$ cat coords21.txt   # compact mmCIF, C-alpha atoms
# COMPACT_ATOMS: atom_id res chain seq x y z
CA GLN A 693 5.10 -16.85 -4.01
CA THR A 694 8.24 -19.01 -3.89
CA PRO A 695 8.32 -21.73 -6.62
CA ILE A 696 8.49 -25.27 -5.24
CA LEU A 697 10.24 -28.15 -7.03
CA ILE A 698 9.71 -31.63 -5.60
CA VAL A 699 11.97 -34.68 -6.00
CA VAL A 700 10.31 -38.12 -5.78
CA ALA A 701 11.21 -41.76 -6.26
CA PRO A 702 10.13 -43.39 -9.55
CA ASP A 703 7.44 -45.50 -7.87
CA ASP A 704 6.17 -42.91 -5.37
CA HIS A 705 3.09 -41.89 -7.38
CA GLN A 706 0.94 -41.15 -4.36
CA ARG A 707 3.44 -38.65 -2.93
CA LEU A 708 3.74 -36.98 -6.34
CA LEU A 709 -0.03 -36.69 -6.79
CA ARG A 710 -0.40 -35.28 -3.28
CA ALA A 711 2.34 -32.73 -3.95
CA LEU A 712 0.78 -31.65 -7.25
CA ASP A 713 -2.58 -31.35 -5.54
CA MET A 714 -0.97 -29.07 -2.90
CA GLY A 715 0.33 -26.80 -5.65
CA VAL A 716 4.01 -27.59 -6.28
CA ASN A 717 5.28 -25.98 -9.47
CA ASP A 718 7.30 -28.84 -10.94
CA TYR A 719 8.86 -32.20 -10.08
CA LEU A 720 11.87 -34.40 -10.78
CA ILE A 721 12.10 -38.20 -10.74
CA ARG A 722 15.15 -39.87 -9.22
CA PRO A 723 17.87 -40.40 -10.31
CA ILE A 724 18.36 -36.70 -10.86
CA ASP A 725 20.03 -35.47 -14.02
CA LYS A 726 22.04 -32.34 -13.26
CA GLN A 727 21.19 -30.60 -16.53
CA GLU A 728 17.50 -31.35 -16.15
CA LEU A 729 17.57 -29.97 -12.58
CA LEU A 730 19.25 -26.76 -13.75
CA ALA A 731 16.82 -26.36 -16.65
CA ARG A 732 13.70 -26.88 -14.51
CA ALA A 733 15.00 -24.62 -11.72
CA ASN A 734 15.86 -21.85 -14.17
CA THR A 735 12.40 -22.10 -15.72
CA GLN A 736 10.76 -21.60 -12.30
CA ILE A 737 13.06 -18.67 -11.50
CA ARG A 738 12.17 -16.95 -14.78
CA ARG A 739 8.46 -17.49 -14.16
CA CYS A 740 8.78 -16.17 -10.61
CA ARG A 741 10.60 -13.05 -11.78
CA TYR A 742 8.02 -12.44 -14.50
CA THR A 743 5.18 -12.84 -11.99
CA ASP A 744 6.90 -10.42 -9.58
CA GLN A 745 7.30 -7.86 -12.36
CA LEU A 746 3.67 -8.28 -13.40
CA ARG A 747 2.49 -7.89 -9.81
CA SER A 748 4.61 -4.74 -9.36
CA HIS A 749 3.23 -3.30 -12.60
CA VAL A 750 -0.35 -3.93 -11.51
CA GLN A 751 0.32 -2.34 -8.12
CA ALA A 752 1.95 0.69 -9.75
CA THR A 753 -0.98 1.05 -12.16
CA MET A 754 -3.44 0.94 -9.27
CA GLU A 755 -1.48 3.58 -7.37
CA MET A 756 -1.31 5.83 -10.44
CA ALA A 757 -5.08 5.65 -10.75
CA VAL A 758 -5.64 7.13 -7.28
CA THR A 759 -2.59 9.34 -6.64
CA ASP A 760 -1.37 12.65 -7.94
CA PRO A 761 1.97 12.07 -9.72
CA LEU A 762 3.51 15.38 -8.64
CA THR A 763 2.81 15.33 -4.90
CA GLY A 764 2.06 11.68 -4.18
CA LEU A 765 -1.21 12.70 -2.52
CA TYR A 766 -4.55 11.14 -3.36
CA ASN A 767 -6.22 12.63 -6.44
CA ARG A 768 -9.73 13.94 -7.05
CA ARG A 769 -11.03 10.55 -8.22
CA TYR A 770 -9.98 8.85 -5.00
CA MET A 771 -11.23 11.73 -2.85
CA GLU A 772 -14.69 11.65 -4.40
CA SER A 773 -15.00 7.86 -4.18
CA GLN A 774 -13.92 7.69 -0.54
CA THR A 775 -15.40 10.88 0.92
CA SER A 776 -18.99 9.98 0.04
CA ALA A 777 -18.67 6.76 2.06
CA LEU A 778 -17.03 8.61 4.96
CA VAL A 779 -19.81 11.21 5.06
CA GLU A 780 -22.49 8.52 4.97
CA HIS A 781 -20.73 6.60 7.74
CA ALA A 782 -20.44 9.71 9.92
CA ILE A 783 -24.15 10.55 9.49
CA ASN A 784 -25.30 6.98 10.18
CA ARG A 785 -23.16 6.73 13.31
CA GLY A 786 -23.85 10.25 14.54
CA LYS A 787 -20.17 11.13 14.25
CA ALA A 788 -18.51 14.41 13.34
CA LEU A 789 -16.68 14.92 10.05
CA SER A 790 -15.10 18.04 8.61
CA ILE A 791 -13.66 18.99 5.25
CA LEU A 792 -11.01 21.64 4.57
CA ALA A 793 -10.76 23.32 1.16
CA LEU A 794 -7.25 24.77 0.79
CA ASP A 795 -5.84 26.99 -1.95
CA VAL A 796 -2.36 28.50 -2.38
CA ASP A 797 -2.54 32.29 -2.42
CA HIS A 798 -1.27 34.04 -5.57
CA PHE A 799 0.15 30.78 -6.94
CA LYS A 800 -0.03 32.04 -10.52
CA SER A 801 2.52 34.71 -9.68
CA VAL A 802 4.90 32.03 -8.38
CA ASN A 803 4.79 30.27 -11.74
CA ASP A 804 4.97 33.54 -13.69
CA GLU A 805 7.88 35.04 -11.74
CA HIS A 806 9.94 31.94 -10.89
CA GLY A 807 8.92 29.29 -13.44
CA HIS A 808 6.81 26.16 -13.32
CA ALA A 809 9.67 24.02 -11.96
CA VAL A 810 9.79 26.21 -8.86
CA GLY A 811 6.00 26.11 -8.65
CA ASP A 812 6.06 22.31 -8.75
CA ARG A 813 8.58 22.18 -5.91
CA VAL A 814 6.40 24.54 -3.88
CA LEU A 815 3.46 22.16 -4.30
CA GLN A 816 5.59 19.17 -3.35
CA GLU A 817 6.85 20.88 -0.20
CA LEU A 818 3.33 22.01 0.65
CA ALA A 819 2.07 18.43 0.29
CA SER A 820 4.78 17.27 2.69
CA ARG A 821 3.83 19.88 5.28
CA LEU A 822 0.15 19.04 5.03
CA LYS A 823 0.82 15.32 5.54
CA GLN A 824 2.85 16.12 8.64
CA ALA A 825 -0.07 18.12 10.06
CA ILE A 826 -2.70 15.36 9.87
CA ARG A 827 -3.46 12.07 11.63
CA ASN A 828 -3.32 8.62 10.08
CA ILE A 829 -7.10 8.52 9.73
CA ASP A 830 -7.22 11.86 7.88
CA MET A 831 -7.00 12.15 4.11
CA VAL A 832 -5.25 14.90 2.14
CA CYS A 833 -5.83 15.16 -1.61
CA ARG A 834 -4.70 17.38 -4.44
CA ILE A 835 -7.76 17.96 -6.60
CA GLY A 836 -6.13 20.15 -9.24
CA GLY A 837 -3.61 22.94 -9.69
CA GLU A 838 -2.96 24.57 -6.32
CA GLU A 839 -6.19 23.24 -4.78
CA PHE A 840 -6.23 20.69 -1.96
CA VAL A 841 -8.89 19.00 0.13
CA ILE A 842 -8.35 17.55 3.61
CA VAL A 843 -10.96 15.18 5.05
CA LEU A 844 -11.02 14.94 8.86
CA PRO A 845 -13.15 12.09 10.25
CA ASN A 846 -14.38 12.34 13.87
CA THR A 847 -13.59 16.06 13.86
CA SER A 848 -16.00 18.88 14.68
CA ALA A 849 -15.99 22.21 12.84
CA ASP A 850 -14.38 24.00 15.81
CA VAL A 851 -11.53 21.51 16.06
CA ALA A 852 -11.15 21.46 12.27
CA ALA A 853 -10.75 25.26 12.27
CA LYS A 854 -7.91 24.94 14.79
CA ILE A 855 -6.25 22.24 12.69
CA ALA A 856 -6.65 24.42 9.60
CA ASP A 857 -5.05 27.39 11.34
CA ARG A 858 -2.14 25.20 12.44
CA MET A 859 -1.70 24.18 8.79
CA ARG A 860 -1.87 27.79 7.68
CA ARG A 861 0.83 28.80 10.17
CA SER A 862 3.07 25.86 9.22
CA VAL A 863 2.97 27.08 5.61
CA SER A 864 3.42 30.82 6.16
CA GLY A 865 5.84 30.50 9.09
CA THR A 866 8.71 28.86 7.20
CA PRO A 867 9.84 29.99 3.72
CA PHE A 868 9.94 27.40 0.93
CA ASN A 869 13.34 26.41 -0.45
CA ALA A 870 12.02 25.71 -3.93
CA GLY A 871 15.11 26.48 -5.99
CA SER A 872 14.22 30.05 -6.86
CA GLN A 873 17.14 32.26 -7.86
CA SER A 874 15.79 34.95 -5.55
CA GLY A 875 16.02 32.65 -2.53
CA PRO A 876 13.39 31.04 -0.29
CA LEU A 877 9.79 31.98 -1.05
CA THR A 878 7.12 33.06 1.39
CA VAL A 879 3.97 31.08 0.63
CA THR A 880 0.55 31.46 2.21
CA VAL A 881 -2.70 29.52 1.94
CA SER A 882 -6.37 30.23 2.49
CA ILE A 883 -8.58 27.52 3.97
CA GLY A 884 -12.33 27.03 4.12
CA VAL A 885 -13.86 24.78 6.76
CA ALA A 886 -17.17 22.91 6.62
CA ALA A 887 -18.61 20.01 8.60
CA VAL A 888 -21.51 17.59 8.66
CA GLU A 889 -24.50 19.59 9.87
CA SER A 890 -27.54 17.38 9.27
CA ALA A 891 -28.65 13.93 8.19
CA SER A 892 -29.40 15.30 4.72
CA ASP A 893 -25.81 16.36 4.12
CA THR A 894 -23.80 14.88 1.26
CA MET A 895 -20.19 15.14 0.20
CA GLU A 896 -21.27 17.65 -2.45
CA SER A 897 -23.14 19.90 0.00
CA ILE A 898 -20.26 19.92 2.50
CA MET A 899 -17.72 20.60 -0.25
CA LYS A 900 -19.86 23.47 -1.50
CA ARG A 901 -19.88 25.08 1.95
CA ALA A 902 -16.12 24.54 2.30
CA ASP A 903 -15.53 26.18 -1.10
CA GLU A 904 -17.75 29.12 -0.17
CA ALA A 905 -15.84 29.55 3.08
CA LEU A 906 -12.57 29.40 1.10
CA TYR A 907 -13.71 32.12 -1.30
CA SER A 908 -14.76 34.22 1.68
CA ALA A 909 -11.24 33.84 3.13
CA LYS A 910 -9.78 34.91 -0.21
CA ARG A 911 -11.98 38.01 -0.36
CA ALA A 912 -11.10 38.91 3.22
CA GLY A 913 -7.41 39.20 2.37
CA ARG A 914 -6.04 35.64 2.07
CA ASN A 915 -3.70 33.81 4.45
CA ARG A 916 -6.60 33.01 6.76
CA VAL A 917 -9.09 30.34 7.78
CA ASN A 918 -12.83 30.83 7.38
CA SER A 919 -15.50 28.45 8.61
CA THR A 920 -18.53 30.59 7.78
CA ALA A 921 -19.90 30.41 4.25
CA ALA A 922 -20.26 33.80 2.62

$ encode --input "coords21.txt" --output "structure tokens"
Amino acid sequence: QTPILIVVAPDDHQRLLRALDMGVNDYLIRPIDKQELLARANTQIRRCRYTDQLRSHVQATMEMAVTDPLTGLYNRRYMESQTSALVEHAINRGKALSILALDVDHFKSVNDEHGHAVGDRVLQELASRLKQAIRNIDMVCRIGGEEFVIVLPNTSADVAAKIADRMRRSVSGTPFNAGSQSGPLTVTVSIGVAAVESASDTMESIMKRADEALYSAKRAGRNRVNSTAA
């Protein structure tokens, strides 16, 4: 993206045409006038900076469209657009794929007792721990409030349940330093596990089973993993 300024002799038309055809940004004819050189160079620098700013703005806008601003995780829109393709790919290739539905236990009481700022920091720390517990090919998303979804390609239900339990223990095992006046907070999560079971499965059907397993874990006392739909 670097601007290019070419200097040519007055009679070197062929070189100038070739340079313009290759995409140079501007040109100067010898003999060079110092003020003209400065003016043309400054013009290209301003254009380059404007283009860089525009490119950064577009990139930031694209990232905002697919990421959750609080946690930096992918949002529901991105999860839904990508997971359908991943499920279809897994079914067509005969590969395993699992989905984890995760919910923070009693999160409303965290906000009510300690304030929303503390609640936000809990979610940010939770997002960090979840990202540390997954592989590069996995996808963790915040789909709203204290609800998260983790997509695990090439992962069977049995292995996914073990991964989910490792996540659960990483959350409950270390208190959260979220700025509460009462000190570090003990946070737990419940997780439902579901996997591709047949060629007729869809993202929606797998998510439904994962949600049902999550609700079953909640009813059974929370802070647990459940892979059997209630």

$ residues_around --input "coords21.txt" --residues "A:Asp795" --least-positions-apart "2" --cutoff "7 Å" --atoms "all atoms listed in the file" --output "compact mmCIF listing (two decimals) with C-alpha atoms, keeping the file's coordinate frame"
# COMPACT_ATOMS: atom_id res chain seq x y z
CA ALA A 793 -10.76 23.32 1.16
CA ASP A 797 -2.54 32.29 -2.42
CA GLU A 838 -2.96 24.57 -6.32
CA GLU A 839 -6.19 23.24 -4.78
CA PHE A 840 -6.23 20.69 -1.96
CA VAL A 881 -2.70 29.52 1.94
CA SER A 882 -6.37 30.23 2.49
CA ILE A 883 -8.58 27.52 3.97

$ atom_distance --input "coords21.txt" --atom1 "atom CA of A:Thr775" --atom2 "atom CA of A:Gly913"
29.5 Å

$ closest_residue --input "coords21.txt" --among "A:Ala731, A:Val779, A:Ala886, A:Ala701" --to "A:Leu906" --atoms "all atoms listed in the file"
A:Ala886

$ residues_around --input "coords21.txt" --residues "A:Asp850" --least-positions-apart "4" --cutoff "10 Å" --atoms "all atoms listed in the file" --output "list in words"
Ser790, Lys854, Ile855, Ala856, Val885, Ala886, Ala887 and Ser919 of chain A

$ residues_around --input "coords21.txt" --residues "A:Gln816" --least-positions-apart "3" --cutoff "6 Å" --atoms "all atoms listed in the file" --output "list in words"
Thr763, Arg813 and Ala819 of chain A

$ atom_distance --input "coords21.txt" --atom1 "atom CA of A:Leu720" --atom2 "atom CA of A:Val699"
4.8 Å

$ residues_around --input "coords21.txt" --residues "A:Lys900" --least-positions-apart "5" --cutoff "12 Å" --atoms "all atoms listed in the file" --output "list in words"
Ile791, Leu792, Ala793, Val841, Gly884, Val885, Ala886, Ala887, Val888, Asp893, Thr894, Met895, Ala905, Leu906, Tyr907, Thr920, Ala921 and Ala922 of chain A

$ write_last_selection --input "coords21.txt" --atoms "C-alpha atoms" --output "mmCIF file, in the frame of the given file"
data_model
loop_
_atom_site.group_PDB
_atom_site.id
_atom_site.type_symbol
_atom_site.label_atom_id
_atom_site.label_comp_id
_atom_site.auth_asym_id
_atom_site.auth_seq_id
_atom_site.Cartn_x
_atom_site.Cartn_y
_atom_site.Cartn_z
ATOM 1 C CA ILE A 791 -13.660 18.990 5.250
ATOM 2 C CA LEU A 792 -11.010 21.640 4.570
ATOM 3 C CA ALA A 793 -10.760 23.320 1.160
ATOM 4 C CA VAL A 841 -8.890 19.000 0.130
ATOM 5 C CA GLY A 884 -12.330 27.030 4.120
ATOM 6 C CA VAL A 885 -13.860 24.780 6.760
ATOM 7 C CA ALA A 886 -17.170 22.910 6.620
ATOM 8 C CA ALA A 887 -18.610 20.010 8.600
ATOM 9 C CA VAL A 888 -21.510 17.590 8.660
ATOM 10 C CA ASP A 893 -25.810 16.360 4.120
ATOM 11 C CA THR A 894 -23.800 14.880 1.260
ATOM 12 C CA MET A 895 -20.190 15.140 0.200
ATOM 13 C CA ALA A 905 -15.840 29.550 3.080
ATOM 14 C CA LEU A 906 -12.570 29.400 1.100
ATOM 15 C CA TYR A 907 -13.710 32.120 -1.300
ATOM 16 C CA THR A 920 -18.530 30.590 7.780
ATOM 17 C CA ALA A 921 -19.900 30.410 4.250
ATOM 18 C CA ALA A 922 -20.260 33.800 2.620
#

$ closest_residue --input "coords21.txt" --among "A:Glu896, A:Tyr770, A:Ser908, A:Arg914" --to "A:Ser864" --atoms "only C-alpha atoms"
A:Arg914

$ closest_residue --input "coords21.txt" --among "A:Ile721, A:Leu815, A:Ile842, A:Ile783" --to "A:Arg827" --atoms "all atoms listed in the file"
A:Ile842
